[in-house]
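Data block for input_29.cif (mmCIF, C-alpha atoms (C1' of nucleotides); chains and numbers go by the auth columns):
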data_query
loop_
_atom_site.group_PDB
_atom_site.id
_atom_site.type_symbol
_atom_site.label_atom_id
_atom_site.label_comp_id
_atom_site.label_asym_id
_atom_site.label_seq_id
_atom_site.Cartn_x
_atom_site.Cartn_y
_atom_site.Cartn_z
_atom_site.B_iso_or_equiv
_atom_site.auth_seq_id
_atom_site.auth_asym_id
ATOM 1 C CA MET A 1 3.081 -22.297 -61.310 0.00 445 A
ATOM 2 C CA SER A 2 2.946 -18.506 -61.519 0.00 446 A
ATOM 3 C CA VAL A 3 3.338 -17.325 -57.946 0.00 447 A
ATOM 4 C CA PHE A 4 3.543 -20.950 -56.871 0.00 448 A
ATOM 5 C CA LYS A 5 7.085 -21.844 -57.733 0.00 449 A
ATOM 6 C CA PRO A 6 7.783 -25.566 -57.885 0.00 450 A
ATOM 7 C CA LEU A 7 8.894 -27.070 -54.599 0.00 451 A
ATOM 8 C CA ASP A 8 12.008 -29.219 -54.808 0.00 452 A
ATOM 9 C CA PRO A 9 10.517 -32.711 -54.414 0.00 453 A
ATOM 10 C CA LEU A 10 13.611 -33.878 -52.603 0.00 454 A
ATOM 11 C CA LEU A 11 12.975 -31.400 -49.851 0.00 455 A
ATOM 12 C CA HIS A 12 9.200 -31.527 -49.917 0.00 456 A
ATOM 13 C CA SER A 13 9.135 -34.632 -47.774 0.00 457 A
ATOM 14 C CA GLN A 14 8.524 -34.582 -44.076 0.00 458 A
ATOM 15 C CA LEU A 15 11.468 -36.657 -43.001 0.00 459 A
ATOM 16 C CA ARG A 16 14.020 -35.272 -45.427 0.00 460 A
ATOM 17 C CA LEU A 17 12.967 -31.744 -44.569 0.00 461 A
ATOM 18 C CA ALA A 18 13.338 -32.489 -40.864 0.00 462 A
ATOM 19 C CA VAL A 19 16.817 -33.880 -41.468 0.00 463 A
ATOM 20 C CA MET A 20 17.855 -30.839 -43.463 0.00 464 A
ATOM 21 C CA SER A 21 16.371 -28.578 -40.843 0.00 465 A
ATOM 22 C CA LEU A 22 18.511 -30.257 -38.195 0.00 466 A
ATOM 23 C CA LEU A 23 21.653 -30.324 -40.289 0.00 467 A
ATOM 24 C CA ILE A 24 21.415 -26.680 -41.274 0.00 468 A
ATOM 25 C CA SER A 25 21.754 -25.658 -37.647 0.00 469 A
ATOM 26 C CA VAL A 26 24.202 -28.192 -36.266 0.00 470 A
ATOM 27 C CA GLU A 27 26.380 -28.704 -39.344 0.00 471 A
ATOM 28 C CA GLU A 28 27.265 -32.238 -38.234 0.00 472 A
ATOM 29 C CA ALA A 29 25.137 -34.998 -36.789 0.00 473 A
ATOM 30 C CA GLU A 30 25.261 -38.705 -36.170 0.00 474 A
ATOM 31 C CA PHE A 31 22.738 -41.123 -37.557 0.00 475 A
ATOM 32 C CA THR A 32 21.423 -41.919 -34.099 0.00 476 A
ATOM 33 C CA PHE A 33 21.005 -38.252 -33.279 0.00 477 A
ATOM 34 C CA LEU A 34 18.941 -37.698 -36.410 0.00 478 A
ATOM 35 C CA LYS A 35 16.948 -40.818 -35.643 0.00 479 A
ATOM 36 C CA GLU A 36 16.086 -39.616 -32.153 0.00 480 A
ATOM 37 C CA LYS A 37 15.218 -36.081 -33.178 0.00 481 A
ATOM 38 C CA THR A 38 13.058 -37.100 -36.104 0.00 482 A
ATOM 39 C CA GLU A 39 11.600 -40.182 -34.435 0.00 483 A
ATOM 40 C CA ALA A 40 11.941 -41.978 -37.724 0.00 484 A
ATOM 41 C CA THR A 41 12.625 -45.675 -38.097 0.00 485 A
ATOM 42 C CA ALA A 42 16.226 -46.509 -38.926 0.00 486 A
ATOM 43 C CA GLY A 43 15.217 -47.978 -42.261 0.00 487 A
ATOM 44 C CA ASN A 44 13.312 -44.964 -43.378 0.00 488 A
ATOM 45 C CA LEU A 45 16.052 -42.625 -42.214 0.00 489 A
ATOM 46 C CA SER A 46 18.699 -44.655 -44.010 0.00 490 A
ATOM 47 C CA VAL A 47 16.792 -44.470 -47.285 0.00 491 A
ATOM 48 C CA GLN A 48 16.151 -40.747 -47.012 0.00 492 A
ATOM 49 C CA LEU A 49 19.741 -39.947 -46.101 0.00 493 A
ATOM 50 C CA ASP A 50 20.828 -41.827 -49.197 0.00 494 A
ATOM 51 C CA LYS A 51 18.579 -39.700 -51.360 0.00 495 A
ATOM 52 C CA LEU A 52 19.867 -36.497 -49.849 0.00 496 A
ATOM 53 C CA GLU A 53 23.420 -37.635 -50.387 0.00 497 A
ATOM 54 C CA LYS A 54 22.786 -38.651 -53.991 0.00 498 A
ATOM 55 C CA ALA A 55 21.321 -35.200 -54.584 0.00 499 A
ATOM 56 C CA GLY A 56 24.495 -33.690 -53.182 0.00 500 A
ATOM 57 C CA TYR A 57 22.602 -31.998 -50.369 0.00 501 A
ATOM 58 C CA ILE A 58 24.466 -33.767 -47.585 0.00 502 A
ATOM 59 C CA GLY A 59 27.733 -35.605 -47.118 0.00 503 A
ATOM 60 C CA ILE A 60 27.827 -38.923 -45.309 0.00 504 A
ATOM 61 C CA GLU A 61 30.930 -40.221 -43.620 0.00 505 A
ATOM 62 C CA LYS A 62 31.118 -43.749 -42.315 0.00 506 A
ATOM 63 C CA SER A 63 33.595 -44.582 -39.613 0.00 507 A
ATOM 64 C CA PHE A 64 33.766 -46.316 -36.250 0.00 508 A
ATOM 65 C CA LYS A 65 33.100 -45.100 -32.750 0.00 509 A
ATOM 66 C CA GLY A 66 35.075 -47.611 -30.767 0.00 510 A
ATOM 67 C CA LYS A 67 33.949 -50.826 -32.383 0.00 511 A
ATOM 68 C CA ARG A 68 30.517 -49.730 -33.538 0.00 512 A
ATOM 69 C CA PRO A 69 29.745 -48.252 -36.921 0.00 513 A
ATOM 70 C CA LEU A 70 29.245 -44.509 -36.937 0.00 514 A
ATOM 71 C CA THR A 71 27.485 -42.548 -39.635 0.00 515 A
ATOM 72 C CA THR A 72 28.068 -38.822 -39.602 0.00 516 A
ATOM 73 C CA CYS A 73 26.147 -36.406 -41.780 0.00 517 A
ATOM 74 C CA ARG A 74 26.699 -32.833 -42.682 0.00 518 A
ATOM 75 C CA ILE A 75 24.968 -30.464 -45.035 0.00 519 A
ATOM 76 C CA THR A 76 26.766 -29.266 -48.165 0.00 520 A
ATOM 77 C CA GLN A 77 26.732 -25.813 -49.679 0.00 521 A
ATOM 78 C CA ALA A 78 24.402 -27.081 -52.372 0.00 522 A
ATOM 79 C CA GLY A 79 22.200 -28.387 -49.590 0.00 523 A
ATOM 80 C CA VAL A 80 22.080 -25.052 -47.829 0.00 524 A
ATOM 81 C CA LYS A 81 21.215 -23.313 -51.064 0.00 525 A
ATOM 82 C CA ALA A 82 18.502 -25.814 -51.963 0.00 526 A
ATOM 83 C CA PHE A 83 17.005 -25.554 -48.496 0.00 527 A
ATOM 84 C CA GLU A 84 16.923 -21.794 -48.594 0.00 528 A
ATOM 85 C CA GLU A 85 15.368 -21.780 -52.026 0.00 529 A
ATOM 86 C CA TYR A 86 12.773 -24.297 -50.933 0.00 530 A
ATOM 87 C CA VAL A 87 11.812 -22.189 -47.931 0.00 531 A
ATOM 88 C CA GLU A 88 11.662 -19.078 -50.083 0.00 532 A
ATOM 89 C CA ASN A 89 9.353 -20.744 -52.592 0.00 533 A
ATOM 90 C CA LEU A 90 7.239 -22.264 -49.883 0.00 534 A
ATOM 91 C CA ARG A 91 6.494 -18.867 -48.412 0.00 535 A
ATOM 92 C CA ASN A 92 4.322 -18.025 -51.398 0.00 536 A
ATOM 93 C CA TYR A 93 2.086 -20.921 -50.486 0.00 537 A
ATOM 94 C CA ILE A 94 1.654 -20.183 -46.823 0.00 538 A
ATOM 95 C CA GLU A 95 1.752 -16.440 -46.393 0.00 539 A
ATOM 96 C CA MET B 1 8.357 -36.150 -34.072 0.00 158 Y
ATOM 97 C CA SER B 2 9.402 -34.061 -31.098 0.00 159 Y
ATOM 98 C CA VAL B 3 9.676 -30.506 -32.424 0.00 160 Y
ATOM 99 C CA PHE B 4 8.781 -31.822 -35.852 0.00 161 Y
ATOM 100 C CA LYS B 5 5.044 -32.211 -35.637 0.00 162 Y
ATOM 101 C CA PRO B 6 3.552 -34.413 -38.332 0.00 163 Y
ATOM 102 C CA LEU B 7 2.514 -32.523 -41.451 0.00 164 Y
ATOM 103 C CA ASP B 8 -1.005 -33.291 -42.649 0.00 165 Y
ATOM 104 C CA PRO B 9 -0.282 -35.394 -45.737 0.00 166 Y
ATOM 105 C CA LEU B 10 -3.345 -34.032 -47.452 0.00 167 Y
ATOM 106 C CA LEU B 11 -1.896 -30.562 -47.344 0.00 168 Y
ATOM 107 C CA HIS B 12 1.726 -31.513 -47.799 0.00 169 Y
ATOM 108 C CA SER B 13 1.312 -31.713 -51.537 0.00 170 Y
ATOM 109 C CA GLN B 14 2.302 -28.955 -53.885 0.00 171 Y
ATOM 110 C CA LEU B 15 -0.913 -28.725 -55.842 0.00 172 Y
ATOM 111 C CA ARG B 16 -3.329 -29.219 -52.965 0.00 173 Y
ATOM 112 C CA LEU B 17 -1.429 -26.682 -50.900 0.00 174 Y
ATOM 113 C CA ALA B 18 -1.571 -24.183 -53.744 0.00 175 Y
ATOM 114 C CA VAL B 19 -5.317 -24.701 -54.058 0.00 176 Y
ATOM 115 C CA MET B 20 -5.846 -24.217 -50.341 0.00 177 Y
ATOM 116 C CA SER B 21 -3.615 -21.170 -50.415 0.00 178 Y
ATOM 117 C CA LEU B 22 -5.805 -19.647 -53.124 0.00 179 Y
ATOM 118 C CA LEU B 23 -9.079 -20.612 -51.517 0.00 180 Y
ATOM 119 C CA ILE B 24 -8.145 -19.257 -48.124 0.00 181 Y
ATOM 120 C CA SER B 25 -7.874 -15.765 -49.543 0.00 182 Y
ATOM 121 C CA VAL B 26 -10.669 -15.697 -52.097 0.00 183 Y
ATOM 122 C CA GLU B 27 -13.218 -17.919 -50.324 0.00 184 Y
ATOM 123 C CA GLU B 28 -14.741 -18.943 -53.648 0.00 185 Y
ATOM 124 C CA ALA B 29 -13.152 -19.929 -56.926 0.00 186 Y
ATOM 125 C CA GLU B 30 -14.033 -21.630 -60.167 0.00 187 Y
ATOM 126 C CA PHE B 31 -12.270 -24.706 -61.445 0.00 188 Y
ATOM 127 C CA THR B 32 -10.812 -22.788 -64.366 0.00 189 Y
ATOM 128 C CA PHE B 33 -9.501 -20.065 -62.085 0.00 190 Y
ATOM 129 C CA LEU B 34 -7.708 -22.612 -59.932 0.00 191 Y
ATOM 130 C CA LYS B 35 -6.392 -24.312 -63.040 0.00 192 Y
ATOM 131 C CA GLU B 36 -4.930 -21.081 -64.390 0.00 193 Y
ATOM 132 C CA LYS B 37 -3.404 -19.985 -61.123 0.00 194 Y
ATOM 133 C CA THR B 38 -1.846 -23.318 -60.314 0.00 195 Y
ATOM 134 C CA GLU B 39 -0.934 -24.192 -63.900 0.00 196 Y
ATOM 135 C CA ALA B 40 -2.027 -27.730 -63.195 0.00 197 Y
ATOM 136 C CA THR B 41 -3.562 -30.051 -65.729 0.00 198 Y
ATOM 137 C CA ALA B 42 -7.327 -30.391 -65.465 0.00 199 Y
ATOM 138 C CA GLY B 43 -7.038 -34.071 -64.616 0.00 200 Y
ATOM 139 C CA ASN B 44 -4.623 -33.559 -61.814 0.00 201 Y
ATOM 140 C CA LEU B 45 -6.639 -30.670 -60.434 0.00 202 Y
ATOM 141 C CA SER B 46 -9.839 -32.671 -60.564 0.00 203 Y
ATOM 142 C CA VAL B 47 -8.304 -35.520 -58.600 0.00 204 Y
ATOM 143 C CA GLN B 48 -6.801 -33.245 -55.972 0.00 205 Y
ATOM 144 C CA LEU B 49 -10.010 -31.259 -55.508 0.00 206 Y
ATOM 145 C CA ASP B 50 -11.805 -34.538 -54.902 0.00 207 Y
ATOM 146 C CA LYS B 51 -9.377 -35.428 -52.164 0.00 208 Y
ATOM 147 C CA LEU B 52 -9.742 -32.076 -50.492 0.00 209 Y
ATOM 148 C CA GLU B 53 -13.489 -32.389 -50.637 0.00 210 Y
ATOM 149 C CA LYS B 54 -13.492 -35.911 -49.236 0.00 211 Y
ATOM 150 C CA ALA B 55 -11.358 -34.645 -46.374 0.00 212 Y
ATOM 151 C CA GLY B 56 -13.947 -31.954 -45.734 0.00 213 Y
ATOM 152 C CA TYR B 57 -11.427 -29.192 -46.409 0.00 214 Y
ATOM 153 C CA ILE B 58 -13.343 -27.674 -49.302 0.00 215 Y
ATOM 154 C CA GLY B 59 -16.872 -27.706 -50.632 0.00 216 Y
ATOM 155 C CA ILE B 60 -17.522 -28.252 -54.321 0.00 217 Y
ATOM 156 C CA GLU B 61 -20.648 -27.057 -56.035 0.00 218 Y
ATOM 157 C CA LYS B 62 -21.491 -28.098 -59.557 0.00 219 Y
ATOM 158 C CA SER B 63 -23.816 -25.970 -61.590 0.00 220 Y
ATOM 159 C CA PHE B 64 -24.040 -24.368 -65.021 0.00 221 Y
ATOM 160 C CA LYS B 65 -22.793 -21.062 -66.330 0.00 222 Y
ATOM 161 C CA GLY B 66 -25.043 -20.601 -69.284 0.00 223 Y
ATOM 162 C CA LYS B 67 -24.831 -24.002 -70.905 0.00 224 Y
ATOM 163 C CA ARG B 68 -21.360 -25.003 -69.720 0.00 225 Y
ATOM 164 C CA PRO B 69 -20.632 -26.903 -66.558 0.00 226 Y
ATOM 165 C CA LEU B 70 -19.303 -24.824 -63.717 0.00 227 Y
ATOM 166 C CA THR B 71 -17.426 -26.129 -60.714 0.00 228 Y
ATOM 167 C CA THR B 72 -17.135 -23.756 -57.800 0.00 229 Y
ATOM 168 C CA CYS B 73 -14.963 -24.413 -54.771 0.00 230 Y
ATOM 169 C CA ARG B 74 -14.795 -22.838 -51.404 0.00 231 Y
ATOM 170 C CA ILE B 75 -12.823 -23.633 -48.306 0.00 232 Y
ATOM 171 C CA THR B 76 -14.618 -24.956 -45.222 0.00 233 Y
ATOM 172 C CA GLN B 77 -13.989 -24.074 -41.595 0.00 234 Y
ATOM 173 C CA ALA B 78 -12.276 -27.429 -41.157 0.00 235 Y
ATOM 174 C CA GLY B 79 -10.142 -26.528 -44.145 0.00 236 Y
ATOM 175 C CA VAL B 80 -9.114 -23.215 -42.683 0.00 237 Y
ATOM 176 C CA LYS B 81 -8.227 -24.877 -39.417 0.00 238 Y
ATOM 177 C CA ALA B 82 -6.238 -27.637 -41.091 0.00 239 Y
ATOM 178 C CA PHE B 83 -4.363 -25.143 -43.224 0.00 240 Y
ATOM 179 C CA GLU B 84 -3.461 -22.978 -40.253 0.00 241 Y
ATOM 180 C CA GLU B 85 -2.318 -25.970 -38.276 0.00 242 Y
ATOM 181 C CA TYR B 86 -0.250 -27.192 -41.192 0.00 243 Y
ATOM 182 C CA VAL B 87 1.458 -23.829 -41.542 0.00 244 Y
ATOM 183 C CA GLU B 88 2.069 -23.679 -37.815 0.00 245 Y
ATOM 184 C CA ASN B 89 3.666 -27.107 -37.776 0.00 246 Y
ATOM 185 C CA LEU B 90 5.673 -26.399 -40.879 0.00 247 Y
ATOM 186 C CA ARG B 91 7.294 -23.396 -39.261 0.00 248 Y
ATOM 187 C CA ASN B 92 9.248 -25.668 -36.973 0.00 249 Y
ATOM 188 C CA TYR B 93 10.883 -27.196 -40.002 0.00 250 Y
ATOM 189 C CA ILE B 94 11.871 -24.035 -41.775 0.00 251 Y
ATOM 190 C CA GLU B 95 12.647 -21.439 -39.128 0.00 252 Y
ATOM 191 C "C1'" DT C 1 30.303 -69.814 -22.550 0.00 421 S
ATOM 192 C "C1'" DT C 2 26.752 -69.199 -24.905 0.00 422 S
ATOM 193 C "C1'" DA C 3 22.181 -67.560 -25.567 0.00 423 S
ATOM 194 C "C1'" DA C 4 19.545 -63.420 -25.681 0.00 424 S
ATOM 195 C "C1'" DA C 5 19.171 -58.661 -26.286 0.00 425 S
ATOM 196 C "C1'" DA C 6 20.844 -54.359 -27.990 0.00 426 S
ATOM 197 C "C1'" DT C 7 23.187 -51.305 -31.375 0.00 427 S
ATOM 198 C "C1'" DA C 8 23.757 -49.512 -35.868 0.00 428 S
ATOM 199 C "C1'" DG C 9 22.510 -49.681 -39.596 0.00 429 S
ATOM 200 C "C1'" DT C 10 20.902 -51.638 -44.990 0.00 430 S
ATOM 201 C "C1'" DT C 11 17.865 -53.947 -48.242 0.00 431 S
ATOM 202 C "C1'" DT C 12 13.543 -55.044 -49.963 0.00 432 S
ATOM 203 C "C1'" DA C 13 8.581 -55.325 -50.493 0.00 433 S
ATOM 204 C "C1'" DT C 14 4.342 -53.036 -50.456 0.00 434 S
ATOM 205 C "C1'" DA C 15 1.065 -49.649 -50.269 0.00 435 S
ATOM 206 C "C1'" DA C 16 -0.026 -44.959 -51.168 0.00 436 S
ATOM 207 C "C1'" DT C 17 0.557 -40.923 -54.098 0.00 437 S
ATOM 208 C "C1'" DG C 18 1.018 -37.818 -57.785 0.00 438 S
ATOM 209 C "C1'" DT C 19 0.494 -37.031 -62.410 0.00 439 S
ATOM 210 C "C1'" DA C 20 -0.436 -37.073 -67.275 0.00 440 S
ATOM 211 C "C1'" DA C 21 -2.815 -39.229 -70.830 0.00 441 S
ATOM 212 C "C1'" DA C 22 -6.969 -40.737 -72.495 0.00 442 S
ATOM 213 C "C1'" DC C 23 -11.504 -40.018 -72.497 0.00 443 S
ATOM 214 C "C1'" DC C 24 -16.479 -37.869 -72.459 0.00 444 S
ATOM 215 C "C1'" DA C 25 -20.078 -34.620 -73.521 0.00 445 S
ATOM 216 C "C1'" DA C 26 -21.492 -30.440 -74.965 0.00 446 S
ATOM 217 C "C1'" DT C 27 -20.616 -26.060 -77.492 0.00 447 S
ATOM 218 C "C1'" DT C 28 -18.575 -22.930 -80.543 0.00 448 S
ATOM 219 C "C1'" DT C 29 -16.127 -21.771 -84.806 0.00 449 S
ATOM 220 C "C1'" DA C 30 -14.691 -22.233 -89.621 0.00 450 S
ATOM 221 C "C1'" DT D 1 -20.870 -30.331 -90.756 0.00 619 N
ATOM 222 C "C1'" DA D 2 -16.335 -31.150 -89.421 0.00 620 N
ATOM 223 C "C1'" DA D 3 -12.853 -29.480 -86.401 0.00 621 N
ATOM 224 C "C1'" DA D 4 -11.559 -27.223 -82.383 0.00 622 N
ATOM 225 C "C1'" DT D 5 -12.564 -25.598 -77.774 0.00 623 N
ATOM 226 C "C1'" DT D 6 -14.395 -25.834 -73.102 0.00 624 N
ATOM 227 C "C1'" DG D 7 -14.934 -28.045 -68.838 0.00 625 N
ATOM 228 C "C1'" DG D 8 -14.255 -31.358 -66.852 0.00 626 N
ATOM 229 C "C1'" DT D 9 -13.614 -37.044 -65.109 0.00 627 N
ATOM 230 C "C1'" DT D 10 -11.512 -41.610 -65.220 0.00 628 N
ATOM 231 C "C1'" DT D 11 -7.774 -44.552 -65.524 0.00 629 N
ATOM 232 C "C1'" DA D 12 -3.141 -46.169 -65.909 0.00 630 N
ATOM 233 C "C1'" DC D 13 1.464 -45.722 -64.692 0.00 631 N
ATOM 234 C "C1'" DA D 14 5.540 -44.380 -62.548 0.00 632 N
ATOM 235 C "C1'" DT D 15 7.405 -42.490 -58.363 0.00 633 N
ATOM 236 C "C1'" DT D 16 7.589 -42.280 -53.394 0.00 634 N
ATOM 237 C "C1'" DA D 17 7.380 -43.163 -48.710 0.00 635 N
ATOM 238 C "C1'" DT D 18 7.544 -46.315 -45.282 0.00 636 N
ATOM 239 C "C1'" DA D 19 7.834 -50.337 -42.401 0.00 637 N
ATOM 240 C "C1'" DA D 20 9.310 -54.892 -42.065 0.00 638 N
ATOM 241 C "C1'" DA D 21 12.795 -58.016 -42.566 0.00 639 N
ATOM 242 C "C1'" DC D 22 17.395 -58.652 -42.545 0.00 640 N
ATOM 243 C "C1'" DT D 23 22.799 -58.348 -41.562 0.00 641 N
ATOM 244 C "C1'" DA D 24 26.617 -57.841 -38.630 0.00 642 N
ATOM 245 C "C1'" DT D 25 28.652 -56.861 -34.541 0.00 643 N
ATOM 246 C "C1'" DT D 26 28.716 -56.121 -29.500 0.00 644 N
ATOM 247 C "C1'" DT D 27 27.155 -56.237 -24.901 0.00 645 N
ATOM 248 C "C1'" DT D 28 24.682 -58.402 -21.098 0.00 646 N
ATOM 249 C "C1'" DA D 29 22.823 -62.131 -18.411 0.00 647 N
ATOM 250 C "C1'" DA D 30 22.374 -67.020 -16.909 0.00 648 N
#

Take the structure I supplied and represent it as structure tokens, if you would.
Amino acid sequence: MSVFKPLDPLLHSQLRLAVMSLLISVEEAEFTFLKEKTEATAGNLSVQLDKLEKAGYIGIEKSFKGKRPLTTCRITQAGVKAFEEYVENLRNYIE
Amino acid sequence: MSVFKPLDPLLHSQLRLAVMSLLISVEEAEFTFLKEKTEATAGNLSVQLDKLEKAGYIGIEKSFKGKRPLTTCRITQAGVKAFEEYVENLRNYIE
DNA sequence: TTAAAATAGTTTATAATGTAAACCAATTTA
DNA sequence: TAAATTGGTTTACATTATAAACTATTTTAA
């Protein structure tokens, strides 16, 4: 795409991009935090987190907070790199 | 979506965004020009131009250049506004 | 004490979307 | 005059996004 470099389809998705945007600044976030901030449904969020994990862009750790399940996410180095590249490529479209 | 304003799905598409990006600067472009610049297939481009037109974001004029068909596109005011809003909203995700 | 509601998710079904392949019609080239 | 090129459109298919339905546990209320 000449000046229009391809945009990583994994990141070019509203919800996944929002999640990555959050994770890149906090470096660790619970499922419920992401759900509140993105205002996504739990189901949708769950699916998108899976995809990001399978891509190696985030790590997901499942544990317990007291007796309730707790899902903690953090961005990986590959995730940071992919995000930065995505943003860089995107600039050619919007500037 | 709190700080994450919804991204116009019509613009949140690589090819359509590239087209809008081109049209916003040139204000008039032929089908073949858009095809070259975006490196899209003709079929894909045709479909996406249709969508942008139906949304009122671009105008499409069909005529003839000599004896060959000629499709000319230009962005509308609604298109400019939508694009600017999209970019504005997107910033919250990537900055 | 037990039924209802809330929490914290996952799985699944469906609709929407993006894309290339196939196609059409005319024109140019060999 | 047959083959290739131009300038597209239509259609079929695979991928994606999303909500709805579901599971499992825990807390609250009657």

Chain A near chain S within 8 Å: what's each residue's closest atom pair and its distance in Å to one decimal, counting all atoms listed in the file, ordered by chain then ascending residue number, as a Markdown table?
| residue | atom | partner | partner_atom | distance |
| --- | --- | --- | --- | --- |
| A:Ala486 | CA | S:DG429 | C1' | 7.1 |
| A:Gly487 | CA | S:DT430 | C1' | 7.3 |
| A:Ser490 | CA | S:DT430 | C1' | 7.4 |
| A:Arg512 | CA | S:DA428 | C1' | 7.2 |
| A:Pro513 | CA | S:DA428 | C1' | 6.2 |
| A:Leu514 | CA | S:DA428 | C1' | 7.5 |

Please determine the contact residues of chain N with respect to chain A at a cut-off of 8 Å, counting only C-alpha atoms (C1' of nucleotides), and supply them as a PyMOL selection string.
-> chain N and resi 636-637+643-644

Contacts of Phe190 of chain Y at 12 Å (all atoms listed in the file; same-chain gap of 3+ positions) as a ChimeraX atom specification | /Y:176,179-180,183,185-187,193-197,199,202,227-230 /N:625

Picked residues, the PyMOL selection byres ((chain Y) within 8 of (chain A)), expected as a list in words | Met158, Ser159, Val160, Phe161, Pro163, Leu164, His169, Gln171, Leu174, Ala175, Ser178, Lys194, Thr195, Glu196, Ala197, Val244, Tyr250 and Ile251 of chain Y

Could you work out how far atom CA of Ser507 of chain A lies from atom CA of Leu454 of chain A, giving the answer in Å with one decimal?
->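 Computing it gives 26.1 Å between the two atoms.
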
Listed atoms of segment 516-525 of chain A boxed axis-aligned with 5 Å per side, centre + edges as AutoDock Vina command-line options:
--center_x 24.6 --center_y -31.1 --center_z -46.0 --size_x 16.9 --size_y 25.5 --size_z 22.8

What lies within 6 Å of Arg231 of chain Y using only C-alpha atoms (C1' of nucleotides), ignoring chain neighbours under 3 positions off, as a ChimeraX atom specification?
-> /Y:184-185,215-216

Straight-line distance linking atom CA of Glu497 of chain A with atom CA of Gly523 of chain A, stated in Å to one decimal =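 Those two atoms sit 9.4 Å apart.
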
How many Å separate atom CA of Leu168 of chain Y from atom CA of Ala239 of chain Y?
->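 Taking atom CA of Leu168 of chain Y as the start and atom CA of Ala239 of chain Y as the end point, the length is 8.2 Å.
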